[in-house]
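Raw coords_24.txt, compact mmCIF, C-alpha atoms (C1' of nucleotides):
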# COMPACT_ATOMS: atom_id res chain seq x y z
CA MET T 1 38.94 77.70 194.58
CA ASP T 2 39.99 77.73 198.18
CA ALA T 3 38.70 80.23 200.69
CA ARG T 4 42.03 82.07 200.95
CA THR T 5 42.11 82.86 197.23
CA LEU T 6 38.48 83.90 197.33
CA CYS T 7 39.14 86.29 200.22
CA LEU T 8 42.12 87.83 198.47
CA GLY T 9 39.96 88.29 195.39
CA ALA T 10 37.34 90.11 197.41
CA LEU T 11 39.98 92.36 198.94
CA MET T 12 41.38 93.24 195.49
CA HIS T 13 38.30 95.46 195.15
CA GLY T 14 39.00 97.25 198.42
CA GLU T 15 39.19 96.68 202.17
CA ALA T 16 36.46 94.70 203.86
CA SER T 17 35.55 92.77 206.98
CA GLY T 18 34.87 89.04 207.08
CA TYR T 19 31.20 89.77 207.27
CA GLU T 20 31.32 92.01 204.21
CA ILE T 21 33.31 89.43 202.25
CA ARG T 22 30.63 86.90 202.98
CA LYS T 23 28.00 89.23 201.55
CA LEU T 24 30.04 89.71 198.40
CA PHE T 25 29.77 85.99 197.78
CA GLU T 26 26.16 85.77 198.86
CA ASP T 27 24.58 88.65 196.93
CA GLY T 28 27.46 90.36 195.17
CA PRO T 29 29.10 89.88 191.79
CA PHE T 30 30.64 86.54 192.79
CA SER T 31 27.38 85.01 193.98
CA PRO T 32 26.51 83.30 190.68
CA ILE T 33 29.84 81.47 190.44
CA CYS T 34 31.41 80.82 193.85
CA ASP T 35 30.49 79.75 197.38
CA VAL T 36 32.13 80.45 200.68
CA SER T 37 30.83 80.44 204.26
CA TYR T 38 31.79 82.14 207.54
CA GLY T 39 33.40 78.96 208.76
CA SER T 40 35.88 79.20 205.90
CA ILE T 41 36.31 82.96 205.72
CA TYR T 42 37.38 83.70 209.28
CA PRO T 43 40.07 81.01 209.48
CA ALA T 44 41.22 82.00 205.99
CA LEU T 45 41.66 85.64 207.01
CA THR T 46 43.64 84.61 210.09
CA ARG T 47 45.97 82.57 207.93
CA LEU T 48 46.34 85.37 205.41
CA LEU T 49 47.39 87.64 208.28
CA ASP T 50 50.09 85.15 209.28
CA GLU T 51 51.34 85.05 205.72
CA GLU T 52 51.31 88.86 205.65
CA TRP T 53 49.15 88.92 202.56
CA VAL T 54 46.61 91.05 204.37
CA THR T 55 46.70 93.57 207.20
CA CYS T 56 43.94 94.21 209.68
CA CYS T 57 42.74 97.07 211.80
CA VAL T 58 39.83 97.21 214.19
CA ALA T 59 37.16 99.79 213.50
CA LYS T 60 35.03 100.78 216.47
CA GLN T 61 31.41 101.46 215.62
CA ASP T 62 28.70 102.64 217.93
CA GLY T 63 25.52 100.70 218.19
CA ARG T 64 27.27 97.86 216.36
CA PRO T 65 29.93 95.29 217.14
CA ASP T 66 33.52 96.20 216.38
CA LYS T 67 34.66 95.37 212.90
CA LYS T 68 37.96 93.97 211.72
CA VAL T 69 38.75 95.62 208.44
CA TYR T 70 41.20 93.73 206.26
CA SER T 71 43.33 95.17 203.42
CA ILE T 72 45.42 93.30 200.90
CA THR T 73 49.19 93.99 200.94
CA PRO T 74 51.40 94.35 197.85
CA GLY T 75 52.75 90.87 198.62
CA GLY T 76 49.19 89.63 198.80
CA ARG T 77 48.34 91.14 195.43
CA ALA T 78 51.37 89.53 193.83
CA ALA T 79 50.61 86.16 195.39
CA PHE T 80 46.99 86.36 194.33
CA LEU T 81 47.66 87.30 190.72
CA ASN T 82 50.37 84.68 190.57
CA GLY T 83 48.04 82.02 191.89
CA LEU T 84 45.47 82.83 189.22
CA ALA T 85 47.98 81.89 186.54
CA SER T 86 48.06 78.23 187.59
CA THR T 87 45.72 76.20 185.39
CA PRO T 88 42.22 76.56 186.72
CA ALA T 89 39.55 73.86 186.73
CA PRO T 90 37.11 73.72 183.80
CA ASP T 91 33.74 75.37 184.28
CA LYS T 92 30.91 73.14 185.28
CA MET T 93 27.21 73.47 185.91
CA GLN T 94 26.54 72.00 189.34
CA SER T 95 22.99 70.81 189.02
CA GLU T 96 21.34 68.67 191.63
CA MET T 97 18.14 69.34 189.76
CA LEU T 98 19.32 67.45 186.69
CA PHE T 99 20.68 64.61 188.78
CA ILE T 100 17.34 64.19 190.53
CA LEU T 101 15.39 64.69 187.32
CA SER T 102 17.30 61.89 185.66
CA PHE T 103 15.50 59.58 188.08
CA GLY T 104 12.18 61.23 187.31
CA ASP T 105 10.58 58.03 186.09
CA HIS T 106 11.00 56.54 189.58
CA LEU T 107 9.41 59.51 191.33
CA PRO T 108 5.78 60.65 191.71
CA ARG T 109 4.96 62.93 188.80
CA ALA T 110 3.66 65.69 191.08
CA ASP T 111 7.02 65.76 192.87
CA VAL T 112 8.87 66.13 189.60
CA ILE T 113 6.77 69.13 188.62
CA LYS T 114 7.18 70.66 192.05
CA LEU T 115 10.91 70.23 191.70
CA VAL T 116 11.01 71.94 188.33
CA ASP T 117 8.86 74.78 189.64
CA ARG T 118 11.11 75.29 192.61
CA TYR T 119 14.10 75.47 190.32
CA ILE T 120 12.34 77.94 188.04
CA SER T 121 12.02 80.18 191.10
CA ASN T 122 15.65 79.58 192.00
CA TYR T 123 16.79 80.64 188.58
CA GLU T 124 14.54 83.69 188.60
CA ALA T 125 15.99 84.75 191.93
CA ARG T 126 19.53 84.18 190.72
CA ILE T 127 18.97 86.33 187.63
CA ALA T 128 17.33 89.06 189.68
CA ALA T 129 20.35 89.05 191.98
CA ILE T 130 22.74 89.47 189.07
CA HIS T 131 20.76 92.41 187.70
CA ASN T 132 20.64 93.85 191.18
CA CYS T 133 24.33 94.07 191.87
CA ALA T 134 24.90 96.04 188.65
CA ASP T 135 22.44 98.80 189.58
CA ASP T 136 24.75 100.96 191.66
CA THR T 137 27.66 101.58 189.33
CA VAL T 138 28.28 101.38 185.63
CA LEU T 139 30.34 98.26 185.14
CA PRO T 140 33.89 98.43 183.82
CA ALA T 141 34.74 96.40 180.72
CA VAL T 142 35.85 93.11 182.18
CA ARG T 143 33.15 93.00 184.81
CA ARG T 144 30.49 93.60 182.21
CA PHE T 145 31.78 90.59 180.33
CA VAL T 146 31.41 88.49 183.45
CA HIS T 147 28.03 89.99 184.28
CA ASN T 148 26.54 89.32 180.86
CA PHE T 149 27.96 85.82 180.70
CA GLY T 150 26.10 84.99 183.88
CA ILE T 151 22.86 86.42 182.61
CA ALA T 152 23.14 84.59 179.30
CA VAL T 153 23.73 81.22 180.93
CA TYR T 154 21.14 81.45 183.68
CA GLU T 155 18.51 82.87 181.36
CA THR T 156 19.01 79.98 178.95
CA ALA T 157 18.50 77.54 181.79
CA LEU T 158 15.37 79.34 182.93
CA ASP T 159 13.91 79.52 179.42
CA TYR T 160 14.57 75.86 178.94
CA LEU T 161 12.74 74.94 182.11
CA ARG T 162 9.76 77.16 181.28
CA THR T 163 9.48 75.86 177.75
CA HIS T 164 9.88 72.18 178.53
CA ARG T 165 8.14 71.90 181.86
CA ALA T 166 4.92 70.90 180.16
CA ASP T 167 6.63 68.35 177.92
CA LEU T 168 7.95 66.64 180.99
CA THR T 169 4.46 66.13 182.41
CA GLU T 170 3.16 64.75 179.14
CA GLU T 171 6.09 62.47 178.59
CA LEU T 172 6.01 61.06 182.06
CA SER T 173 2.31 60.39 181.88
CA LEU T 174 2.06 59.10 178.33
CA ALA T 175 5.51 57.52 178.05
CA ARG T 176 5.31 58.16 174.35
CA ASP T 177 7.86 57.20 171.74
CA PRO T 178 10.95 59.39 172.12
CA ALA T 179 11.03 60.07 168.38
CA THR T 180 7.54 61.59 168.37
CA PRO T 181 7.75 65.38 168.47
CA ILE T 182 6.08 66.96 171.45
CA LYS T 183 4.15 70.13 170.84
CA ASN T 184 4.97 73.00 173.18
CA ARG T 185 2.47 74.02 175.75
CA PRO T 186 2.56 77.52 177.24
CA ALA T 187 4.81 77.63 180.27
CA VAL T 188 3.18 77.86 183.67
CA SER T 189 4.63 80.32 186.13
CA ALA T 190 6.39 79.13 189.26
CA GLY T 191 4.84 79.14 192.65
CA MET T 192 7.27 77.84 195.25
CA GLN T 193 10.09 78.71 197.60
CA MET P 1 25.77 65.63 196.54
CA ASP P 2 27.82 63.18 198.52
CA ALA P 3 29.62 60.25 196.97
CA ARG P 4 27.28 57.66 198.48
CA THR P 5 24.21 59.19 196.86
CA LEU P 6 26.05 59.52 193.58
CA CYS P 7 27.05 55.84 193.65
CA LEU P 8 23.50 54.75 194.40
CA GLY P 9 22.33 56.88 191.51
CA ALA P 10 24.77 55.19 189.18
CA LEU P 11 23.63 51.76 190.37
CA MET P 12 19.97 52.65 189.74
CA HIS P 13 20.76 52.16 186.06
CA GLY P 14 22.22 48.69 186.65
CA GLU P 15 25.08 46.91 188.36
CA ALA P 16 28.59 48.29 188.03
CA SER P 17 32.08 48.21 189.51
CA GLY P 18 33.74 51.16 191.18
CA TYR P 19 35.79 51.68 188.07
CA GLU P 20 32.71 51.75 185.86
CA ILE P 21 30.93 54.16 188.17
CA ARG P 22 33.86 56.50 187.87
CA LYS P 23 33.56 56.43 184.09
CA LEU P 24 29.87 57.25 184.29
CA PHE P 25 30.78 60.47 186.03
CA GLU P 26 33.75 61.19 183.83
CA ASP P 27 32.30 60.66 180.35
CA GLY P 28 28.76 59.48 180.92
CA PRO P 29 25.45 61.27 181.28
CA PHE P 30 26.37 62.70 184.69
CA SER P 31 29.66 64.20 183.57
CA PRO P 32 28.31 67.69 182.83
CA ILE P 33 26.77 68.12 186.27
CA CYS P 34 28.61 66.11 188.95
CA ASP P 35 32.12 65.17 190.05
CA VAL P 36 33.39 62.18 191.97
CA SER P 37 36.80 60.54 192.17
CA TYR P 38 38.14 57.05 192.99
CA GLY P 39 39.15 58.22 196.42
CA SER P 40 35.50 58.91 197.20
CA ILE P 41 33.89 56.06 195.29
CA TYR P 42 35.68 53.10 196.84
CA PRO P 43 35.13 54.14 200.46
CA ALA P 44 31.54 55.07 199.60
CA LEU P 45 30.85 51.59 198.17
CA THR P 46 32.33 49.95 201.26
CA ARG P 47 30.04 51.99 203.45
CA LEU P 48 27.03 51.22 201.28
CA LEU P 49 27.81 47.52 201.71
CA ASP P 50 27.77 47.95 205.51
CA GLU P 51 24.44 49.70 205.29
CA GLU P 52 23.16 46.88 203.06
CA TRP P 53 22.10 49.32 200.39
CA VAL P 54 24.24 47.48 197.87
CA THR P 55 25.48 43.94 197.43
CA CYS P 56 28.72 42.90 195.85
CA CYS P 57 30.05 39.91 194.01
CA VAL P 58 33.48 39.34 192.56
CA ALA P 59 33.68 38.68 188.83
CA LYS P 60 36.80 36.89 187.66
CA GLN P 61 38.05 38.02 184.27
CA ASP P 62 40.96 36.63 182.32
CA GLY P 63 43.64 39.00 181.20
CA ARG P 64 42.20 41.60 183.49
CA PRO P 65 42.05 42.24 187.23
CA ASP P 66 39.10 40.87 189.14
CA LYS P 67 36.13 43.13 189.29
CA LYS P 68 33.80 43.81 192.18
CA VAL P 69 30.35 44.22 190.75
CA TYR P 70 27.91 46.12 192.94
CA SER P 71 24.11 46.02 192.75
CA ILE P 72 21.60 48.17 194.53
CA THR P 73 19.22 46.44 196.97
CA PRO P 74 15.52 47.24 197.38
CA GLY P 75 16.44 48.99 200.63
CA GLY P 76 19.04 50.96 198.76
CA ARG P 77 16.54 52.05 196.13
CA ALA P 78 14.11 53.19 198.77
CA ALA P 79 16.80 55.07 200.68
CA PHE P 80 18.05 56.70 197.51
CA LEU P 81 14.66 57.85 196.26
CA ASN P 82 13.82 59.04 199.73
CA GLY P 83 17.01 61.02 199.97
CA LEU P 84 16.26 62.77 196.69
CA ALA P 85 13.10 64.21 198.20
CA SER P 86 14.99 66.29 200.75
CA THR P 87 15.40 69.84 199.47
CA PRO P 88 18.33 69.93 197.09
CA ALA P 89 20.77 72.80 196.69
CA PRO P 90 20.08 75.39 193.98
CA ASP P 91 21.89 74.97 190.69
CA LYS P 92 25.02 76.98 190.25
CA MET P 93 27.55 77.57 187.54
CA GLN P 94 30.96 76.88 189.02
CA SER P 95 33.22 79.07 186.98
CA GLU P 96 36.82 79.71 187.87
CA MET P 97 37.09 81.32 184.46
CA LEU P 98 34.73 84.13 185.42
CA PHE P 99 36.39 84.61 188.77
CA ILE P 100 39.78 85.01 187.13
CA LEU P 101 38.38 87.12 184.32
CA SER P 102 36.93 89.57 186.79
CA PHE P 103 40.54 90.48 187.61
CA GLY P 104 41.39 90.73 183.94
CA ASP P 105 42.47 94.37 184.19
CA HIS P 106 45.29 93.31 186.53
CA LEU P 107 46.56 90.58 184.21
CA PRO P 108 48.58 90.68 180.97
CA ARG P 109 46.17 90.94 178.09
CA ALA P 110 47.72 87.98 176.28
CA ASP P 111 47.08 85.79 179.33
CA VAL P 112 43.44 86.83 179.41
CA ILE P 113 42.97 85.84 175.78
CA LYS P 114 44.77 82.55 176.33
CA LEU P 115 42.48 81.88 179.24
CA VAL P 116 39.36 82.52 177.19
CA ASP P 117 40.67 80.34 174.39
CA ARG P 118 41.38 77.49 176.75
CA TYR P 119 37.87 77.73 178.10
CA ILE P 120 36.43 77.79 174.60
CA SER P 121 38.15 74.43 174.06
CA ASN P 122 36.87 73.18 177.40
CA TYR P 123 33.32 74.03 176.48
CA GLU P 124 33.67 72.46 173.04
CA ALA P 125 34.94 69.26 174.63
CA ARG P 126 32.13 69.25 177.17
CA ILE P 127 29.47 69.65 174.47
CA ALA P 128 31.07 66.95 172.33
CA ALA P 129 31.00 64.64 175.35
CA ILE P 130 27.30 65.25 175.89
CA HIS P 131 26.51 64.51 172.25
CA ASN P 132 28.67 61.43 172.49
CA CYS P 133 26.91 59.66 175.30
CA ALA P 134 23.56 59.87 173.52
CA ASP P 135 24.74 58.04 170.41
CA ASP P 136 24.32 54.47 171.61
CA THR P 137 20.70 54.41 172.71
CA VAL P 138 17.63 56.43 171.98
CA LEU P 139 17.07 58.48 175.10
CA PRO P 140 13.96 57.99 177.17
CA ALA P 141 11.84 61.02 177.94
CA VAL P 142 13.38 62.26 181.17
CA ARG P 143 16.92 61.68 180.04
CA ARG P 144 16.35 63.66 176.89
CA PHE P 145 15.16 66.55 179.02
CA VAL P 146 18.37 66.41 181.02
CA HIS P 147 20.49 65.91 177.92
CA ASN P 148 19.05 68.91 176.08
CA PHE P 149 19.23 71.12 179.13
CA GLY P 150 22.96 70.50 179.31
CA ILE P 151 23.44 71.22 175.64
CA ALA P 152 21.43 74.43 175.82
CA VAL P 153 23.37 75.79 178.77
CA TYR P 154 26.86 74.87 177.61
CA GLU P 155 26.21 76.01 174.07
CA THR P 156 25.07 79.39 175.32
CA ALA P 157 28.27 79.73 177.30
CA LEU P 158 30.37 78.74 174.30
CA ASP P 159 28.57 81.13 171.97
CA TYR P 160 29.01 83.93 174.43
CA LEU P 161 32.75 83.35 174.67
CA ARG P 162 33.16 83.13 170.91
CA THR P 163 31.13 86.26 170.27
CA HIS P 164 32.66 88.41 172.98
CA ARG P 165 36.25 87.25 172.96
CA ALA P 166 37.21 90.04 170.59
CA ASP P 167 35.38 92.70 172.62
CA LEU P 168 37.46 91.77 175.60
CA THR P 169 40.71 92.47 173.75
CA GLU P 170 39.52 95.82 172.50
CA GLU P 171 38.08 96.93 175.76
CA LEU P 172 41.10 96.00 177.77
CA SER P 173 43.42 97.83 175.43
CA LEU P 174 41.35 100.93 174.81
CA ALA P 175 39.62 101.15 178.18
CA ARG P 176 36.78 102.86 176.41
CA ASP P 177 33.63 104.25 177.99
CA PRO P 178 31.38 101.37 179.10
CA ALA P 179 28.34 103.04 177.53
CA THR P 180 29.89 103.06 174.07
CA PRO P 181 28.67 100.08 172.06
CA ILE P 182 31.39 97.75 170.88
CA LYS P 183 31.06 96.34 167.39
CA ASN P 184 31.43 92.58 167.15
CA ARG P 185 34.48 91.11 165.57
CA PRO P 186 34.37 87.59 164.14
CA ALA P 187 35.33 85.02 166.74
CA VAL P 188 38.71 83.34 166.42
CA SER P 189 38.86 79.59 166.93
CA ALA P 190 40.53 78.13 169.98
CA GLY P 191 43.98 76.66 169.99
CA MET P 192 44.88 75.36 173.42
CA GLN P 193 44.61 72.44 175.76
C1' DA O 1 8.25 90.10 222.19
C1' DG O 2 10.38 88.20 218.41
C1' DG O 3 12.86 88.29 214.31
C1' DT O 4 16.45 90.05 211.53
C1' DA O 5 20.80 92.38 210.58
C1' DC O 6 25.21 93.30 212.28
C1' DA O 7 29.65 91.08 213.75
C1' DT O 8 33.33 87.47 215.04
C1' DG O 9 34.84 83.37 216.00
C1' DT O 10 35.62 78.01 217.44
C1' DA O 11 35.36 73.01 217.19
C1' DA O 12 33.84 68.63 215.84
C1' DG O 13 32.90 65.94 212.31
C1' DC O 14 32.54 64.76 207.76
C1' DT O 15 34.15 64.62 203.11
C1' DG O 16 36.97 64.79 199.58
C1' DT O 17 41.41 65.17 197.07
C1' DT O 18 46.00 63.66 196.08
C1' DA O 19 49.41 60.70 195.94
C1' DC O 20 50.96 56.30 196.58
C1' DA O 21 50.99 51.15 195.84
C1' DT O 22 50.32 47.19 192.71
C1' DG O 23 50.02 44.73 188.49
C1' DA O 24 48.46 42.65 183.90
C1' DT O 25 47.32 43.70 179.15
C1' DT O 26 46.71 46.25 175.08
C1' DT O 27 47.80 49.87 172.08
C1' DT O 28 51.08 53.02 169.93
C1' DA J 1 59.70 50.48 174.94
C1' DA J 2 56.45 53.46 176.66
C1' DA J 3 52.00 54.83 177.59
C1' DA J 4 47.30 54.05 178.30
C1' DT J 5 43.44 51.10 180.02
C1' DC J 6 41.66 48.09 183.26
C1' DA J 7 41.10 47.48 188.32
C1' DT J 8 41.13 48.23 193.52
C1' DG J 9 42.37 50.25 197.34
C1' DT J 10 44.80 53.14 201.45
C1' DA J 11 46.54 57.03 204.03
C1' DA J 12 47.72 61.58 204.90
C1' DC J 13 46.34 65.80 204.54
C1' DA J 14 43.50 69.68 203.53
C1' DG J 15 39.22 71.66 203.48
C1' DC J 16 34.57 72.88 204.27
C1' DT J 17 30.03 72.76 206.62
C1' DT J 18 27.32 72.85 210.64
C1' DA J 19 26.31 74.03 214.85
C1' DC J 20 27.47 76.41 218.76
C1' DA J 21 28.62 80.60 221.49
C1' DT J 22 27.87 85.65 222.27
C1' DG J 23 25.95 90.15 222.08
C1' DT J 24 23.78 94.78 220.40
C1' DA J 25 20.29 97.29 218.01
C1' DC J 26 16.63 98.09 215.06
C1' DC J 27 12.18 97.13 213.06
C1' DT J 28 7.42 95.25 213.35

When written as structure tokens, how does the structure in this file appear?
Amino acid sequence: MDARTLCLGALMHGEASGYEIRKLFEDGPFSPICDVSYGSIYPALTRLLDEEWVTCCVAKQDGRPDKKVYSITPGGRAAFLNGLASTPAPDKMQSEMLFILSFGDHLPRADVIKLVDRYISNYEARIAAIHNCADDTVLPAVRRFVHNFGIAVYETALDYLRTHRADLTEELSLARDPATPIKNRPAVSAGMQ
Amino acid sequence: MDARTLCLGALMHGEASGYEIRKLFEDGPFSPICDVSYGSIYPALTRLLDEEWVTCCVAKQDGRPDKKVYSITPGGRAAFLNGLASTPAPDKMQSEMLFILSFGDHLPRADVIKLVDRYISNYEARIAAIHNCADDTVLPAVRRFVHNFGIAVYETALDYLRTHRADLTEELSLARDPATPIKNRPAVSAGMQ
DNA sequence: AGGTACATGTAAGCTGTTACATGATTTT
DNA sequence: AAAATCATGTAACAGCTTACATGTACCT
């Protein structure tokens, strides 16, 4: 999804500055599923202004820099909702961890374990963030669906890593027959990043 | 992950042409976690040749176009493995479905259900593809770890959609209190795409 | 004194996507 | 006869990331 669509989506929930939009994608409800950086947001907002899909007014604040508060226009809403209709890309787990892990037999075993541990922490943080952004308000129907989907998926990933971390060590060291069942060892808690 | 790294990764498993590398990322073991298109692969391979991280020889075939078969060099292996060590990005579920769904209350209900059904099919196809590319060979240890991780995550997503599809219809139509528990309806099978 | 949060933006460079161009062979 | 598979590549365009540039105020 391009930055313009993402910005419009953020503004569907209410007016916001570029800085605030960024935070929505960093810690907010969109953080588990989308990415967007300042370098994309500011040019996107400028273009949306040109297209008259948003309006902007400057809010003076004391003790803080001025803020440009953007609001979506009716035209912007229509364009946004219309754009959503066009066939979206299939969902995909972007996992550099798995890519790297698939070359695990060429890497020092200690590095592989460190990698898994770091990702266990990553997943823990991600899940904590999702729980966090639901604290303030009771979620409306659709958002709860999205919220719980995220938790289900990320928690599965985390559980998998915790449960099979030990197997990975054993298998790498013993290189045993793939058909032989591996008994589970208790998961070890993460310690990095 | 950039296209060059992805190509080197593909070549770690053995020599291949650009066309074959593409297939590895489309249907093969990397398909659930990475993306890369012809437009990235061919320029990437050319650059890897310049850097002497791969070599290339032309294989003549009858009835078919000539093939450029690339192999990774020792220098390429070293560079690749070294590059993997640098801190990789955290895993993330890229989900346009969830983004769109979070605006579900602004969309026609029928469209929302169609969307969910299309994604149910997407997930089914993705899981089938993962099962598929394990058929030929017994997976070595590390690959099985990666394989099962993918299945666990995607199956959780699919189950969630199947189980909660019906809730979404009810909740959108009745706009009931979020605290009220919603009884599960049996999931309806997908029918699109 | 130094780091972090607030706040906006630009510019260069890199990367990637899409569409085009070509063409034989096999399958439907 | 049409469509899909095999096979490689280019070029234009769009897009994003990174780093830079600037400045206040609060917290430790």

Next item on the list: Go through O:DT10, O:DT4, O:DT28, O:DT18 and flag the residue nearest chain P, using all atoms listed in the file for the distances.
Entry: O:DT18

Next item on the list: Do me a favour and pick out the residues of chain T within 10 Å of chain O, using all atoms listed in the file, as number ranges by chain.
Entry: T: 17-20, 38-39, 42-43, 63-68

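Minimum atom-to-atom distances from T:Ser86, T:His13, T:Arg22, T:Ser37 to chain J were compared using all atoms listed in the file, and the lowest value belongs to T:Ser37.
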
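Across the structure, atom CA of T:Ile120 and atom CA of P:Ala3 are spaced 26.3 Å apart.
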
Checklist line | Point-to-point distance in Å for atom CA of T:Met93 and atom CA of T:Val142 | finding: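 Straight-line distance from atom CA of T:Val142 to atom CA of T:Met93 works out to 21.8 Å.
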
Margin query: Taking only C-alpha atoms (C1' of nucleotides) into account, name the residue in J:DA12, J:DT28, J:DT18, J:DA1 that is nearest to chain T.
Written below: J:DT18

Counting all atoms listed in the file, give me one row per residue of chain P with an atom at most 8 Å from an atom of chain T, showing the shortest contact pair and its distance in Å to one decimal, sorted by chain then residue number, as JSON lines.
{"residue": "P:Met1", "atom": "CA", "partner": "T:Glu96", "partner_atom": "CA", "distance": 7.3}
{"residue": "P:Phe30", "atom": "CA", "partner": "T:Phe99", "partner_atom": "CA", "distance": 7.3}
{"residue": "P:Pro32", "atom": "CA", "partner": "T:Lys92", "partner_atom": "CA", "distance": 6.5}
{"residue": "P:Ile33", "atom": "CA", "partner": "T:Gln94", "partner_atom": "CA", "distance": 5.0}
{"residue": "P:Cys34", "atom": "CA", "partner": "T:Gln94", "partner_atom": "CA", "distance": 6.3}
{"residue": "P:Leu81", "atom": "CA", "partner": "T:Leu107", "partner_atom": "CA", "distance": 7.4}
{"residue": "P:Leu84", "atom": "CA", "partner": "T:Ile100", "partner_atom": "CA", "distance": 6.4}
{"residue": "P:Pro88", "atom": "CA", "partner": "T:Glu96", "partner_atom": "CA", "distance": 6.4}
{"residue": "P:Ala89", "atom": "CA", "partner": "T:Glu96", "partner_atom": "CA", "distance": 6.6}
{"residue": "P:Pro90", "atom": "CA", "partner": "T:Asn122", "partner_atom": "CA", "distance": 6.4}
{"residue": "P:Asp91", "atom": "CA", "partner": "T:Ser95", "partner_atom": "CA", "distance": 4.6}
{"residue": "P:Lys92", "atom": "CA", "partner": "T:Gln94", "partner_atom": "CA", "distance": 5.3}
{"residue": "P:Met93", "atom": "CA", "partner": "T:Met93", "partner_atom": "CA", "distance": 4.4}
{"residue": "P:Gln94", "atom": "CA", "partner": "T:Ile33", "partner_atom": "CA", "distance": 4.9}
{"residue": "P:Ser95", "atom": "CA", "partner": "T:Asp91", "partner_atom": "CA", "distance": 4.6}
{"residue": "P:Glu96", "atom": "CA", "partner": "T:Pro88", "partner_atom": "CA", "distance": 6.4}
{"residue": "P:Met97", "atom": "CA", "partner": "T:Asp91", "partner_atom": "CA", "distance": 6.8}
{"residue": "P:Leu98", "atom": "CA", "partner": "T:Val146", "partner_atom": "CA", "distance": 5.8}
{"residue": "P:Phe99", "atom": "CA", "partner": "T:Phe30", "partner_atom": "CA", "distance": 7.3}
{"residue": "P:Ile100", "atom": "CA", "partner": "T:Leu84", "partner_atom": "CA", "distance": 6.4}
{"residue": "P:Leu101", "atom": "CA", "partner": "T:Val142", "partner_atom": "CA", "distance": 6.8}
{"residue": "P:Ser102", "atom": "CA", "partner": "T:Arg143", "partner_atom": "CA", "distance": 5.5}
{"residue": "P:Phe103", "atom": "CA", "partner": "T:Val142", "partner_atom": "CA", "distance": 7.6}
{"residue": "P:Gly104", "atom": "CA", "partner": "T:Val142", "partner_atom": "CA", "distance": 6.3}
{"residue": "P:Asp105", "atom": "CA", "partner": "T:Val142", "partner_atom": "CA", "distance": 7.0}
{"residue": "P:His106", "atom": "CA", "partner": "T:Leu81", "partner_atom": "CA", "distance": 7.7}
{"residue": "P:Leu107", "atom": "CA", "partner": "T:Leu81", "partner_atom": "CA", "distance": 7.4}
{"residue": "P:Tyr119", "atom": "CA", "partner": "T:Pro90", "partner_atom": "CA", "distance": 7.0}
{"residue": "P:Asn122", "atom": "CA", "partner": "T:Pro90", "partner_atom": "CA", "distance": 6.4}
{"residue": "P:Tyr123", "atom": "CA", "partner": "T:Asp91", "partner_atom": "CA", "distance": 7.9}
{"residue": "P:Val138", "atom": "CA", "partner": "T:Pro178", "partner_atom": "CA", "distance": 7.3}
{"residue": "P:Leu139", "atom": "CA", "partner": "T:Pro178", "partner_atom": "CA", "distance": 6.9}
{"residue": "P:Pro140", "atom": "CA", "partner": "T:Pro178", "partner_atom": "CA", "distance": 6.0}
{"residue": "P:Ala141", "atom": "CA", "partner": "T:Glu171", "partner_atom": "CA", "distance": 6.0}
{"residue": "P:Val142", "atom": "CA", "partner": "T:Ser102", "partner_atom": "CA", "distance": 6.0}
{"residue": "P:Arg143", "atom": "CA", "partner": "T:Ser102", "partner_atom": "CA", "distance": 5.6}
{"residue": "P:Phe145", "atom": "CA", "partner": "T:Leu168", "partner_atom": "CA", "distance": 7.5}
{"residue": "P:Val146", "atom": "CA", "partner": "T:Leu98", "partner_atom": "CA", "distance": 5.8}
{"residue": "P:Phe149", "atom": "CA", "partner": "T:Tyr160", "partner_atom": "CA", "distance": 6.6}
{"residue": "P:Ala152", "atom": "CA", "partner": "T:Thr156", "partner_atom": "CA", "distance": 6.8}
{"residue": "P:Val153", "atom": "CA", "partner": "T:Val153", "partner_atom": "CA", "distance": 5.9}
{"residue": "P:Tyr154", "atom": "CA", "partner": "T:Val153", "partner_atom": "CA", "distance": 7.8}
{"residue": "P:Thr156", "atom": "CA", "partner": "T:Val153", "partner_atom": "CA", "distance": 6.1}
{"residue": "P:Ala157", "atom": "CA", "partner": "T:Val153", "partner_atom": "CA", "distance": 6.0}
{"residue": "P:Tyr160", "atom": "CA", "partner": "T:Phe149", "partner_atom": "CA", "distance": 6.6}
{"residue": "P:His164", "atom": "CA", "partner": "T:Phe145", "partner_atom": "CA", "distance": 7.7}
{"residue": "P:Leu168", "atom": "CA", "partner": "T:Val142", "partner_atom": "CA", "distance": 6.9}
{"residue": "P:Glu171", "atom": "CA", "partner": "T:Ala141", "partner_atom": "CA", "distance": 6.0}
{"residue": "P:Leu172", "atom": "CA", "partner": "T:Ala141", "partner_atom": "CA", "distance": 7.0}
{"residue": "P:Ala175", "atom": "CA", "partner": "T:Ala141", "partner_atom": "CA", "distance": 7.3}
{"residue": "P:Pro178", "atom": "CA", "partner": "T:Pro140", "partner_atom": "CA", "distance": 6.1}

Give me, as a tab-separated table, the closest atom pair and its distance (Å, one decimal) for every residue of chain J within a cut-off of 9 Å of chain T, counting only C-alpha atoms (C1' of nucleotides), rows sorted by chain and rising number.
residue	atom	partner	partner_atom	distance
J:DG15	C1'	T:Asp2	CA	8.1
J:DC16	C1'	T:Ser40	CA	6.7
J:DT17	C1'	T:Gly39	CA	7.4
J:DT18	C1'	T:Gly39	CA	8.8
J:DG23	C1'	T:Pro65	CA	8.2
J:DT24	C1'	T:Arg64	CA	6.2
J:DA25	C1'	T:Gly63	CA	6.2
